Each structure stands twice: as C-alpha cells, then as structure tokens.
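Source file upload_12.txt; content: compact mmCIF, C-alpha atoms and all ligand atoms.
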```txt
# COMPACT_ATOMS: atom_id res chain seq x y z
CA MET A 21 224.32 47.63 326.53
CA LYS A 22 226.53 47.97 323.48
CA LEU A 23 229.99 48.52 324.93
CA VAL A 24 233.53 49.19 323.76
CA VAL A 25 236.36 47.87 325.95
CA THR A 26 239.79 49.34 325.23
CA GLY A 27 242.66 47.12 326.36
CA GLY A 28 240.39 44.05 326.41
CA ALA A 29 243.23 41.80 325.23
CA GLY A 30 245.15 42.60 328.42
CA TYR A 31 244.90 41.10 331.88
CA ILE A 32 242.15 43.08 333.60
CA GLY A 33 240.33 44.07 330.39
CA SER A 34 239.95 40.42 329.30
CA VAL A 35 238.54 39.41 332.69
CA VAL A 36 236.05 42.28 332.74
CA THR A 37 235.05 41.56 329.11
CA SER A 38 234.22 37.98 330.11
CA GLN A 39 232.07 39.29 332.97
CA LEU A 40 230.29 41.82 330.73
CA LEU A 41 229.50 39.08 328.18
CA ASP A 42 228.16 36.82 330.96
CA ASP A 43 225.98 39.74 332.05
CA GLY A 44 224.43 39.90 328.56
CA HIS A 45 226.21 42.94 327.15
CA GLU A 46 227.43 43.24 323.57
CA VAL A 47 231.17 43.93 323.64
CA THR A 48 233.73 45.15 321.11
CA VAL A 49 237.33 44.92 322.30
CA VAL A 50 239.76 47.46 320.87
CA ASP A 51 243.42 46.74 321.52
CA ASP A 52 246.70 47.38 319.70
CA LEU A 53 248.18 44.16 321.16
CA SER A 54 251.25 46.07 322.38
CA THR A 55 251.15 44.18 325.70
CA GLY A 56 247.95 42.16 325.20
CA HIS A 57 247.21 38.87 323.44
CA ARG A 58 244.69 38.19 320.67
CA ASP A 59 243.78 34.82 322.24
CA ALA A 60 242.95 36.51 325.55
CA VAL A 61 239.92 38.22 323.97
CA PRO A 62 236.91 36.23 325.18
CA ASP A 63 234.83 34.34 322.61
CA GLY A 64 231.67 36.29 321.95
CA ALA A 65 233.40 39.69 321.85
CA GLN A 66 234.13 41.45 318.56
CA PHE A 67 237.79 42.38 318.15
CA VAL A 68 239.29 45.43 316.46
CA GLN A 69 243.06 45.81 316.40
CA ALA A 70 243.62 49.55 316.71
CA ARG A 71 245.17 52.22 318.86
CA ILE A 72 242.92 54.31 321.07
CA HIS A 73 244.41 57.30 319.24
CA ASP A 74 242.28 56.23 316.26
CA ALA A 75 239.05 56.12 318.25
CA ALA A 76 237.34 58.30 315.63
CA ASP A 77 237.53 55.22 313.34
CA PHE A 78 236.03 52.64 315.70
CA LEU A 79 233.49 54.48 317.87
CA SER A 80 229.93 55.10 316.68
CA PRO A 81 226.91 56.91 318.12
CA ASP A 82 225.09 53.66 318.96
CA VAL A 83 227.71 52.77 321.61
CA ASP A 84 226.21 53.03 325.12
CA GLY A 85 229.46 53.06 327.02
CA VAL A 86 233.26 52.78 326.94
CA LEU A 87 235.39 50.96 329.50
CA HIS A 88 238.93 52.26 329.13
CA PHE A 89 241.70 49.87 330.28
CA ALA A 90 244.24 50.47 327.49
CA ALA A 91 247.45 51.93 328.92
CA LYS A 92 251.12 51.47 329.51
CA SER A 93 251.48 50.62 333.20
CA LEU A 94 255.08 49.89 334.15
CA VAL A 95 256.32 52.38 336.72
CA GLY A 96 260.04 51.84 335.99
CA GLU A 97 259.54 52.20 332.24
CA SER A 98 257.57 55.41 332.86
CA VAL A 99 260.52 56.93 334.72
CA GLU A 100 262.89 56.10 331.85
CA LYS A 101 260.51 57.02 329.02
CA PRO A 102 257.97 59.56 330.30
CA GLU A 103 257.26 60.65 326.71
CA LEU A 104 255.80 57.18 326.01
CA TYR A 105 253.40 57.51 328.95
CA TRP A 106 252.22 60.99 328.01
CA GLU A 107 251.78 59.97 324.37
CA ASN A 108 250.08 56.65 325.00
CA ASN A 109 248.08 57.25 328.16
CA VAL A 110 247.27 60.95 327.94
CA VAL A 111 247.30 61.82 324.22
CA GLY A 112 245.56 58.48 323.46
CA SER A 113 242.91 59.01 326.13
CA HIS A 114 242.29 62.53 324.85
CA ALA A 115 241.64 61.20 321.33
CA LEU A 116 239.31 58.56 322.78
CA LEU A 117 237.41 61.14 324.82
CA GLU A 118 237.09 63.46 321.85
CA ALA A 119 235.46 60.62 319.85
CA VAL A 120 233.22 59.82 322.85
CA ARG A 121 232.17 63.47 322.99
CA GLY A 122 231.68 63.68 319.23
CA HIS A 123 229.26 60.73 319.29
CA GLY A 124 227.48 61.78 322.47
CA ILE A 125 228.41 58.51 324.24
CA GLU A 126 227.20 58.89 327.82
CA ARG A 127 229.01 56.32 329.96
CA PHE A 128 232.76 56.10 330.53
CA VAL A 129 234.62 53.96 333.07
CA PHE A 130 238.36 54.52 333.47
CA SER A 131 241.12 52.39 335.02
CA SER A 132 242.81 54.81 337.38
CA THR A 133 245.27 53.75 340.04
CA ALA A 134 246.48 54.06 343.61
CA ALA A 135 249.65 55.47 342.03
CA CYS A 136 247.75 58.79 341.81
CA TYR A 137 248.26 59.19 345.58
CA GLY A 138 252.05 58.82 345.59
CA GLU A 139 253.28 58.28 349.14
CA PRO A 140 250.49 59.60 351.38
CA ASP A 141 251.13 59.64 355.11
CA VAL A 142 247.57 58.53 355.93
CA SER A 143 246.23 54.99 355.95
CA PRO A 144 243.75 53.82 354.81
CA ILE A 145 243.65 56.17 351.81
CA THR A 146 240.31 57.84 351.06
CA GLU A 147 239.44 59.68 347.84
CA ASP A 148 239.78 62.96 349.76
CA VAL A 149 243.56 62.52 350.08
CA THR A 150 245.20 65.02 347.73
CA PRO A 151 246.68 63.18 344.73
CA SER A 152 250.43 63.58 344.46
CA PRO A 153 251.93 61.01 342.09
CA ILE A 154 255.65 60.30 342.32
CA ASN A 155 256.24 58.92 338.82
CA PRO A 156 255.19 59.61 335.19
CA TYR A 157 252.81 56.62 335.17
CA GLY A 158 250.88 58.15 338.10
CA HIS A 159 251.02 61.60 336.46
CA SER A 160 249.54 60.21 333.24
CA LYS A 161 246.66 58.51 335.07
CA LEU A 162 245.91 61.58 337.19
CA ALA A 163 245.93 63.74 334.05
CA VAL A 164 243.18 61.56 332.56
CA ASP A 165 241.20 61.71 335.80
CA MET A 166 241.34 65.51 335.59
CA MET A 167 240.34 65.42 331.92
CA LEU A 168 237.28 63.38 332.90
CA THR A 169 236.27 65.90 335.56
CA ASP A 170 236.39 68.66 332.95
CA TYR A 171 234.55 66.68 330.23
CA ALA A 172 231.82 65.62 332.68
CA LYS A 173 231.27 69.22 333.77
CA ALA A 174 231.39 70.85 330.35
CA HIS A 175 229.94 68.12 328.11
CA GLY A 176 227.65 66.05 330.33
CA LEU A 177 229.75 62.88 330.27
CA GLY A 178 228.91 60.30 332.96
CA ALA A 179 232.44 59.29 334.00
CA THR A 180 233.80 57.01 336.70
CA SER A 181 237.46 56.64 337.67
CA LEU A 182 238.20 53.45 339.54
CA ARG A 183 241.47 53.76 341.44
CA TYR A 184 242.62 50.17 341.74
CA PHE A 185 245.02 49.13 344.43
CA ASN A 186 246.93 45.83 343.86
CA VAL A 187 245.03 43.55 341.53
CA GLY A 188 245.61 39.79 341.43
CA GLY A 189 243.93 36.47 340.75
CA ALA A 190 242.29 35.17 337.60
CA ARG A 191 238.91 34.20 336.19
CA GLY A 192 239.20 30.75 334.63
CA ARG A 193 241.28 31.04 331.47
CA PHE A 194 241.63 34.82 331.85
CA GLY A 195 244.61 35.86 333.93
CA GLU A 196 247.89 37.75 334.11
CA ARG A 197 250.27 37.19 331.17
CA HIS A 198 252.68 40.12 331.07
CA ALA A 199 255.84 39.63 328.99
CA ILE A 200 257.61 41.90 331.45
CA GLU A 201 256.20 40.87 334.83
CA THR A 202 256.82 43.22 337.74
CA HIS A 203 253.90 42.22 339.99
CA LEU A 204 254.60 40.39 343.21
CA ILE A 205 252.17 37.43 343.06
CA PRO A 206 252.92 36.13 339.54
CA ASN A 207 256.64 36.63 340.18
CA LEU A 208 256.53 34.61 343.40
CA LEU A 209 254.52 31.86 341.69
CA LYS A 210 257.17 31.52 338.98
CA VAL A 211 259.27 29.61 341.52
CA PRO A 212 256.84 26.71 342.14
CA ALA A 213 255.99 26.84 338.42
CA GLY A 214 259.64 26.04 337.69
CA GLN A 215 260.29 29.29 335.79
CA ARG A 216 262.81 30.69 338.26
CA ASP A 217 264.86 29.28 341.12
CA ARG A 218 264.31 31.84 343.85
CA ALA A 219 261.91 34.68 344.60
CA ALA A 220 263.02 38.25 345.38
CA VAL A 221 261.85 40.37 348.30
CA PHE A 222 262.49 44.05 347.58
CA GLY A 223 263.11 45.92 350.85
CA THR A 224 263.15 44.57 354.39
CA ASP A 225 263.73 47.86 356.21
CA TYR A 226 260.36 49.57 355.71
CA PRO A 227 258.56 51.06 358.73
CA THR A 228 256.02 48.19 358.68
CA PRO A 229 255.41 45.35 361.18
CA ASP A 230 257.81 42.90 359.45
CA GLY A 231 259.93 45.41 357.48
CA THR A 232 258.53 44.47 354.06
CA ALA A 233 256.18 46.70 352.02
CA VAL A 234 252.45 46.53 352.71
CA ARG A 235 249.83 46.55 349.94
CA ASP A 236 246.08 46.06 349.56
CA TYR A 237 245.38 43.07 347.29
CA LEU A 238 242.11 42.84 345.38
CA HIS A 239 240.77 39.89 343.37
CA VAL A 240 240.27 40.76 339.69
CA VAL A 241 236.75 39.25 339.81
CA ASP A 242 235.76 41.64 342.61
CA LEU A 243 237.34 44.47 340.63
CA GLY A 244 235.31 43.47 337.56
CA ARG A 245 232.06 43.60 339.55
CA ALA A 246 232.83 47.21 340.45
CA HIS A 247 233.03 48.05 336.73
CA LEU A 248 229.58 46.59 336.08
CA LEU A 249 228.15 48.58 338.99
CA ALA A 250 229.88 51.78 337.85
CA LEU A 251 228.42 51.35 334.38
CA ALA A 252 224.91 50.68 335.67
CA THR A 253 224.88 53.68 338.03
CA SER A 254 226.63 56.18 335.74
CA SER A 255 225.03 59.61 335.81
CA PRO A 256 225.41 62.25 333.04
CA GLY A 257 227.47 65.29 333.97
CA THR A 258 229.08 63.57 336.94
CA HIS A 259 232.64 62.35 337.43
CA ARG A 260 232.89 59.93 340.33
CA ILE A 261 236.16 58.62 341.79
CA PHE A 262 236.32 55.40 343.82
CA ASN A 263 239.25 53.70 345.53
CA LEU A 264 239.01 49.94 345.13
CA GLY A 265 240.76 47.71 347.63
CA SER A 266 239.96 45.44 350.54
CA GLY A 267 240.96 47.81 353.34
CA THR A 268 243.41 45.17 354.61
CA GLY A 269 247.15 45.45 354.14
CA TYR A 270 249.43 42.45 353.58
CA SER A 271 253.19 42.59 353.65
CA VAL A 272 255.41 41.01 350.98
CA ASN A 273 256.24 38.34 353.59
CA ASP A 274 252.50 37.68 354.17
CA VAL A 275 252.02 37.15 350.42
CA LEU A 276 255.07 34.90 350.30
CA ALA A 277 253.58 32.81 353.13
CA ALA A 278 250.24 32.57 351.28
CA CYS A 279 252.04 31.41 348.10
CA ARG A 280 253.93 28.77 350.09
CA GLU A 281 250.69 27.53 351.65
CA VAL A 282 248.71 27.40 348.38
CA THR A 283 251.42 25.74 346.30
CA GLY A 284 252.96 23.51 349.01
CA HIS A 285 256.37 24.65 347.71
CA GLU A 286 259.07 25.88 350.08
CA LEU A 287 259.53 28.88 347.75
CA PRO A 288 263.00 30.10 348.66
CA ALA A 289 263.40 33.87 348.59
CA ASP A 290 266.33 36.30 348.71
CA GLU A 291 266.30 39.72 350.32
CA HIS A 292 267.15 42.64 348.03
CA PRO A 293 267.30 46.42 348.51
CA ARG A 294 264.10 48.43 348.12
CA ARG A 295 262.80 48.89 344.57
CA PRO A 296 263.19 52.62 343.77
CA GLY A 297 259.94 54.58 344.12
CA ASP A 298 258.05 51.97 346.17
CA PRO A 299 256.05 53.44 349.06
CA ALA A 300 256.07 51.54 352.40
CA THR A 301 252.31 51.13 352.75
CA LEU A 302 249.32 51.55 350.42
CA VAL A 303 245.94 50.49 351.80
CA ALA A 304 242.60 51.67 350.41
CA SER A 305 239.51 52.88 352.13
CA SER A 306 236.71 51.71 349.84
CA ALA A 307 233.97 53.13 352.09
CA ARG A 308 232.76 55.38 349.27
CA ALA A 309 232.40 52.45 346.86
CA LEU A 310 230.38 50.58 349.49
CA GLU A 311 228.16 53.58 350.15
CA GLN A 312 227.58 54.71 346.57
CA LEU A 313 227.96 51.50 344.52
CA GLY A 314 227.04 48.92 347.15
CA TRP A 315 230.38 47.27 346.32
CA GLN A 316 232.68 45.35 348.58
CA PRO A 317 235.21 42.62 347.88
CA GLU A 318 234.14 39.03 348.52
CA LEU A 319 237.44 37.22 347.89
CA GLY A 320 240.59 37.39 350.02
CA LEU A 321 244.34 36.89 349.63
CA ARG A 322 244.05 33.10 349.72
CA GLU A 323 241.60 33.04 346.75
CA ILE A 324 243.71 35.60 344.85
CA VAL A 325 246.82 33.45 345.16
CA SER A 326 245.06 30.15 344.51
CA ASP A 327 243.25 31.46 341.40
CA ALA A 328 246.49 32.99 340.06
CA TRP A 329 248.20 29.65 340.70
CA GLY A 330 245.37 27.71 339.00
CA PHE A 331 245.64 29.98 335.96
CA MET A 332 249.42 29.55 335.76
CA GLN A 333 249.16 25.79 335.96
CA GLU A 334 246.33 25.49 333.44
CA SER A 335 247.77 27.92 330.91
CA GLY A 336 251.32 26.63 331.33
CA ARG A 337 252.50 30.23 331.80
N1 LIG A 401 247.42 45.41 337.20
C1 LIG A 401 247.29 46.26 338.24
O1 LIG A 401 247.58 45.90 339.42
C2 LIG A 401 246.75 47.64 338.01
C3 LIG A 401 246.62 48.50 339.13
C4 LIG A 401 246.08 49.79 338.92
C5 LIG A 401 245.68 50.19 337.65
N2 LIG A 401 245.83 49.34 336.58
C6 LIG A 401 245.37 49.81 335.26
O2 LIG A 401 244.49 48.83 334.72
C7 LIG A 401 244.58 48.81 333.29
C8 LIG A 401 244.81 47.40 332.81
O3 LIG A 401 246.01 46.89 333.38
P1 LIG A 401 246.54 45.43 333.02
O4 LIG A 401 247.36 44.98 334.18
O5 LIG A 401 245.42 44.61 332.53
O6 LIG A 401 247.54 45.79 331.82
P2 LIG A 401 247.80 45.02 330.41
O7 LIG A 401 249.08 45.57 329.89
O8 LIG A 401 247.65 43.56 330.60
O9 LIG A 401 246.59 45.54 329.51
C9 LIG A 401 246.60 46.77 328.83
C10 LIG A 401 246.10 46.53 327.41
O10 LIG A 401 246.01 47.77 326.72
C11 LIG A 401 246.55 47.61 325.40
N3 LIG A 401 247.00 48.94 324.97
C12 LIG A 401 248.00 49.69 325.52
N4 LIG A 401 248.09 50.87 324.87
C13 LIG A 401 247.15 50.87 323.89
C14 LIG A 401 246.74 51.81 322.90
N5 LIG A 401 247.36 52.99 322.75
N6 LIG A 401 245.72 51.48 322.07
C15 LIG A 401 245.09 50.27 322.18
N7 LIG A 401 245.44 49.35 323.09
C16 LIG A 401 246.45 49.65 323.94
C17 LIG A 401 247.63 46.56 325.54
O11 LIG A 401 247.93 45.88 324.33
C18 LIG A 401 247.02 45.62 326.59
O12 LIG A 401 246.27 44.58 326.01
C19 LIG A 401 245.70 49.78 332.92
O13 LIG A 401 245.11 51.01 332.55
C20 LIG A 401 246.48 49.94 334.22
O14 LIG A 401 247.12 51.18 334.29
C21 LIG A 401 246.35 48.09 336.73
O1 LIG A 402 259.27 40.10 342.74
C1 LIG A 402 258.83 41.01 343.44
C2 LIG A 402 257.87 41.94 342.96
C3 LIG A 402 257.42 42.92 343.81
N1 LIG A 402 257.88 43.01 345.09
C4 LIG A 402 257.36 44.04 346.02
O2 LIG A 402 255.98 43.78 346.23
C5 LIG A 402 255.27 44.99 346.44
C6 LIG A 402 254.12 45.07 345.44
O3 LIG A 402 254.69 45.22 344.14
P1 LIG A 402 253.84 45.11 342.78
O4 LIG A 402 253.08 43.82 342.76
O5 LIG A 402 254.78 45.38 341.65
O6 LIG A 402 252.75 46.26 342.92
P2 LIG A 402 252.93 47.83 343.13
O7 LIG A 402 254.31 48.30 342.89
O8 LIG A 402 252.33 48.14 344.48
O9 LIG A 402 252.03 48.43 341.95
C7 LIG A 402 250.74 47.90 341.60
O10 LIG A 402 249.75 48.44 342.39
C8 LIG A 402 249.62 49.85 342.25
C9 LIG A 402 248.52 50.30 343.16
O11 LIG A 402 248.82 50.00 344.51
C10 LIG A 402 249.27 50.20 340.82
O12 LIG A 402 249.21 51.58 340.68
C11 LIG A 402 250.29 49.64 339.87
O13 LIG A 402 249.85 49.86 338.55
C12 LIG A 402 250.45 48.16 340.12
O14 LIG A 402 251.51 47.68 339.32
C13 LIG A 402 256.31 46.12 346.27
O15 LIG A 402 256.79 46.49 347.53
C14 LIG A 402 257.45 45.45 345.48
O16 LIG A 402 258.71 45.99 345.72
C15 LIG A 402 258.82 42.11 345.59
O17 LIG A 402 259.24 42.17 346.74
N2 LIG A 402 259.27 41.13 344.73
```

In structure tokens, how does this file's structure come out?
Amino acid sequence: MKLVVTGGAGYIGSVVTSQLLDDGHEVTVVDDLSTGHRDAVPDGAQFVQARIHDAADFLSPDVDGVLHFAAKSLVGESVEKPELYWENNVVGSHALLEAVRGHGIERFVFSSTAACYGEPDVSPITEDVTPSPINPYGHSKLAVDMMLTDYAKAHGLGATSLRYFNVGGARGRFGERHAIETHLIPNLLKVPAGQRDRAAVFGTDYPTPDGTAVRDYLHVVDLGRAHLLALATSSPGTHRIFNLGSGTGYSVNDVLAACREVTGHELPADEHPRRPGDPATLVASSARALEQLGWQPELGLREIVSDAWGFMQESGR
C-alpha cells in the first residue's frame, strides 16, 4: 500500500515505519520535527517536513492509508498548556481528517492511549469501560477517537484507534529519544548509562502489592505488528477501538529489578512522592485485539528492557 505516516520521525512512528517498509509498503513520513528527529526516519521512506494542520498540501487521492502518530504527549505539559494540546492534537487531527475525507482515503489508524480511561476502578481495562480522562492530553486523544467514530459513520472511513498502554523497547536503531524524557524505563536506564547518578521512584504508598504504581508494558515491536494488522483488516464505515497491552501488570519496583538484572548495575534509586495525576494501576485487557485482529504480544518485560538498553548503548543516548 501507499501510506502516509504522521509523526514518523518520533519514537513509535519511526519503528512502525521501519516495519511497514520491511513489509513492502511505500511510506511517506510527515513530521514537523517538533519532538522528532530527521535521522530517525528510516531509509527508504520519503520525508516531508510539515505540520498535520497542512495535510491538504501533502495528501493525495492515491494514498491508501494514513497512520497518525503525530501528537504532543506529555501529561504534565498538557495540564500547564491545555491550549497547545487542543490546537496540536485536536485541531491538527481535524485538518488531517478533512484532507483524508476530501481525497476519499479509506484507511486510518490512530495512536490513542490508555490515558482515555483516566483512573478506572476495574482491572484489567476492557474497551467497554467508559472513558473518563483526567488530563488535557487524555481529553485531546479521546476527542479524536470521537471524531473518528463520527467520520466513519457519516463518511465511510475505515478507522482504528489503538489505545496503547505503556510502550517500551526498541527495534535496532529505532528507539526512544525524547529531549524531555518522562517515561520510566529510559529514565531508569540513564543511571547505568552514566547520564544520571540515581533513579527516582515516584510514589511508594499506592494500594498495590509493593506500594509502587503498576503498569502494563508493551514492546514497541509488538505494538507495530498491531498497526499492520489494523491496516490490513480495516473496513469502510467502521471505527474499531482496541486496547493494546500484555494483560500483566508490573510495579515500578519490578521494572527497577528488571533494569538491574539486564544491565548488571546496582542502579540506586530514591523514593519520591507520587507524581501528580498518576493512577495506581493501569492494566489492559487485549482480548478484543486477540479475537478481532489475531494479535497478542510475543515479547515480555525482559526483552523490552534489554532492547531499550541495547538501543541506548548503541546510539550513545
Ligand atoms: N510512548 C508511549 O508510551 C505512548 C503511549 C500511548 C500513546 N502514545 C501515542 O503514540 C504517539 C507517538 O508517541 P511517541 O512516544 O512516539 O512520541 P514522539 O514525540 O516521539 O513522536 C511524535 C512525533 O510527532 C511529531 N509531531 C507532533 N506534532 C506534530 C504536528 N502538528 N505535525 C507534524 N508532526 C508532529 C513530532 O515531531 C514527533 O516526531 C503519540 O500520538 C502518543 O500520544 C504513546
Ligand atoms: O523516573 C520515573 C518515571 C516514571 N515513574 C513512574 O513510573 C510509572 C510509569 O510512568 P511513565 O513511564 O511515565 O508512563 P505513564 O505515566 O503510565 O504514561 C504512559 O503510558 C500511558 C498509558 O498507560 C500513556 O497514555 C502515556 O502517553 C505514556 O506516557 C508511573 O507511576 C510514574 O510515576 C517513576 O517512578 N520514575
């Protein structure tokens, strides 16, 4: 297929672009490089530096599908500057969708998020749990999900929202390189990499088995496979929503232990208060993805940490 990947110079978009190219697709990456890197765009992909807001300029009727990763995705920043999240994630996605509609492009895969669910009191979380985001980032992603439902119904778009839980790991030279890094695994690995002295554990008084927050970690390569399946099975006039996770929760202390084991570093860590807005536990049920896409993760926490560590060592970042 001839595909456009927005945000393909970022972490997840660059990995998925490399998988799409390996699968024989023709890919154009569109990215404004606001948080991405030109050298992260895989060889073999065309590159257009543009904002999604200008989609009318870069989309054409011969495009078979759009994979939409481009977004601002820092929860704390979204609380301080909600206007940025509505303008970039919602207004930008609307412009993109209008160009998709105008050209009659049939397939659309969107990076949604577990943040749409807020702090649900059920675990694991199925897609039937009522979304209730607790920050502007989650609001902006849920708004686009709702837009997709409406466009699919009214205009025949074949849309899929993939609600990722916690993504980690790398695929060879494609990995996580955020200038502002908030994610647990790369931050822990900065200690053995010599970029910081001690790790930070945010919150030790959660109602979880060891008091630290529990999350569902998913390898970016498994996540990428779900995108290829979503694209292949897309159906006009339908908006599907899938939670993507492993169904297994790991605490911050579990992840710390895995990082110590993989790197052989003692990895000293300090206990800090909870990070504002962090739920205690977020674990996905991906039963729907298994049933409808035939998807399930193949790689576990150990591979996630060791591939992230391999990427950090090789790239020197
Ligand atoms: N990393 C995670 O754990 C996680 C979890 C759930 C959902 N997501 C979603 O997955 C997607 C990718 O996340 P990531 O971690 O790779 O982030 P990233 O910041 O590495 O990548 C996002 C890319 O989009 C580009 N971009 C942003 N706004 C743009 C615009 N208006 N026009 C063109 N390009 C623009 C950036 O330059 C960047 O290259 C995001 O939509 C994010 O919300 C990520
Ligand atoms: O140095 C650190 C960094 C994080 N944490 C904690 O580790 C857990 C996981 O944090 P992080 O890796 O930042 O992921 P989340 O806050 O769970 O958010 C990610 O996962 C969500 C889905 O679960 C997505 O919606 C978000 O986009 C994505 O950033 C949280 O309890 C954090 O407080 C630490 O203890 N120390």

### Query
Once you count only C-alpha atoms and all ligand atoms, which residues end up within 7 Å of ligand LIG 402 (chain A), and could you hand them over as a ChimeraX atom specification?
/A:93-94,133-135,184-187,202-205,207-208,219-223,233-236,272,294-295,298,302

### Task
Just give me the gap between atom CA of A:Pro288 and atom CA of A:Gly195 in Å, one decimal is fine.
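Interatomic distance, atom CA of A:Pro288 to atom CA of A:Gly195: 24.3 Å.
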
### Query
ligand LIG 401 (chain A): which residues are within 8 Å, counting all atoms listed in the file, as a VMD selection string?
chain A and resid 26 to 34 50 to 57 69 to 73 88 to 93 108 to 109 112 130 to 135 157 161 183 to 188 196 to 198 203

### Query
Do you have the atom CA of A:Leu243-atom CA of A:Val49 distance handy?
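Computing it gives 18.3 Å between the two atoms.
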
### Message
Using only C-alpha atoms, which protein or nucleic acid residues come within 7 Å of stretch 265-268 of chain A? Drop anything in the same chain fewer than 6 positions from it, and give the result as a list in words.
### Response
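Non-adjacent residues within range: Pro144, Tyr184, Phe185, Asp236, Tyr237, Leu238, Val303, Ala304, Ser305, Ser306 and Pro317 of chain A.
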
### Task
Could you tell me which of A:Gly244, A:Asp225, A:Leu321, A:Leu251 comes closest to A:Tyr270 if we count only C-alpha atoms?
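Of all the options, A:Leu321 lies closest to A:Tyr270.
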
### Task
Find the residue from A:Lys173, A:Arg121, A:Arg322, A:Arg58 that sits nearest to A:Arg260; use all atoms listed in the file when measuring.
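The shortest atom-to-atom distance to A:Arg260 comes from A:Lys173.
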
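Computed from the coordinates, the atom CA of A:Arg193 to atom CA of A:Gln39 distance equals 12.5 Å.
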
Can stretch 278-293 of chain A be brought up to N, CA and C atoms and written out as an mmCIF file, keeping the file's coordinate frame?
```
data_model
loop_
_atom_site.group_PDB
_atom_site.id
_atom_site.type_symbol
_atom_site.label_atom_id
_atom_site.label_comp_id
_atom_site.auth_asym_id
_atom_site.auth_seq_id
_atom_site.Cartn_x
_atom_site.Cartn_y
_atom_site.Cartn_z
ATOM 1 N N ALA A 278 251.456 33.067 351.929
ATOM 2 C CA ALA A 278 250.240 32.570 351.280
ATOM 3 C C ALA A 278 250.596 31.733 350.042
ATOM 4 N N CYS A 279 251.614 32.159 349.299
ATOM 5 C CA CYS A 279 252.040 31.410 348.100
ATOM 6 C C CYS A 279 252.621 30.054 348.503
ATOM 7 N N ARG A 280 253.359 30.038 349.613
ATOM 8 C CA ARG A 280 253.930 28.770 350.090
ATOM 9 C C ARG A 280 252.797 27.821 350.483
ATOM 10 N N GLU A 281 251.797 28.363 351.158
ATOM 11 C CA GLU A 281 250.690 27.530 351.650
ATOM 12 C C GLU A 281 249.873 26.978 350.470
ATOM 13 N N VAL A 282 249.553 27.830 349.511
ATOM 14 C CA VAL A 282 248.710 27.400 348.380
ATOM 15 C C VAL A 282 249.425 26.383 347.502
ATOM 16 N N THR A 283 250.714 26.604 347.267
ATOM 17 C CA THR A 283 251.420 25.740 346.300
ATOM 18 C C THR A 283 252.081 24.536 346.980
ATOM 19 N N GLY A 284 252.265 24.589 348.318
ATOM 20 C CA GLY A 284 252.960 23.510 349.010
ATOM 21 C C GLY A 284 254.446 23.466 348.684
ATOM 22 N N HIS A 285 254.959 24.566 348.109
ATOM 23 C CA HIS A 285 256.370 24.650 347.710
ATOM 24 C C HIS A 285 257.113 25.467 348.763
ATOM 25 N N GLU A 286 258.348 25.114 349.045
ATOM 26 C CA GLU A 286 259.070 25.880 350.080
ATOM 27 C C GLU A 286 259.369 27.321 349.641
ATOM 28 N N LEU A 287 259.392 27.541 348.338
ATOM 29 C CA LEU A 287 259.530 28.880 347.750
ATOM 30 C C LEU A 287 260.653 29.715 348.373
ATOM 31 N N PRO A 288 261.876 29.345 348.103
ATOM 32 C CA PRO A 288 263.000 30.100 348.660
ATOM 33 C C PRO A 288 263.043 31.529 348.123
ATOM 34 N N ALA A 289 263.389 32.461 349.002
ATOM 35 C CA ALA A 289 263.400 33.870 348.590
ATOM 36 C C ALA A 289 264.648 34.565 349.111
ATOM 37 N N ASP A 290 265.165 35.506 348.300
ATOM 38 C CA ASP A 290 266.330 36.300 348.710
ATOM 39 C C ASP A 290 265.887 37.719 349.034
ATOM 40 N N GLU A 291 266.589 38.324 349.979
ATOM 41 C CA GLU A 291 266.300 39.720 350.320
ATOM 42 C C GLU A 291 267.123 40.646 349.446
ATOM 43 N N HIS A 292 266.476 41.650 348.893
ATOM 44 C CA HIS A 292 267.150 42.640 348.030
ATOM 45 C C HIS A 292 266.871 44.028 348.591
ATOM 46 N N PRO A 293 267.615 45.050 348.099
ATOM 47 C CA PRO A 293 267.300 46.420 348.510
ATOM 48 C C PRO A 293 265.907 46.818 348.021
#
```
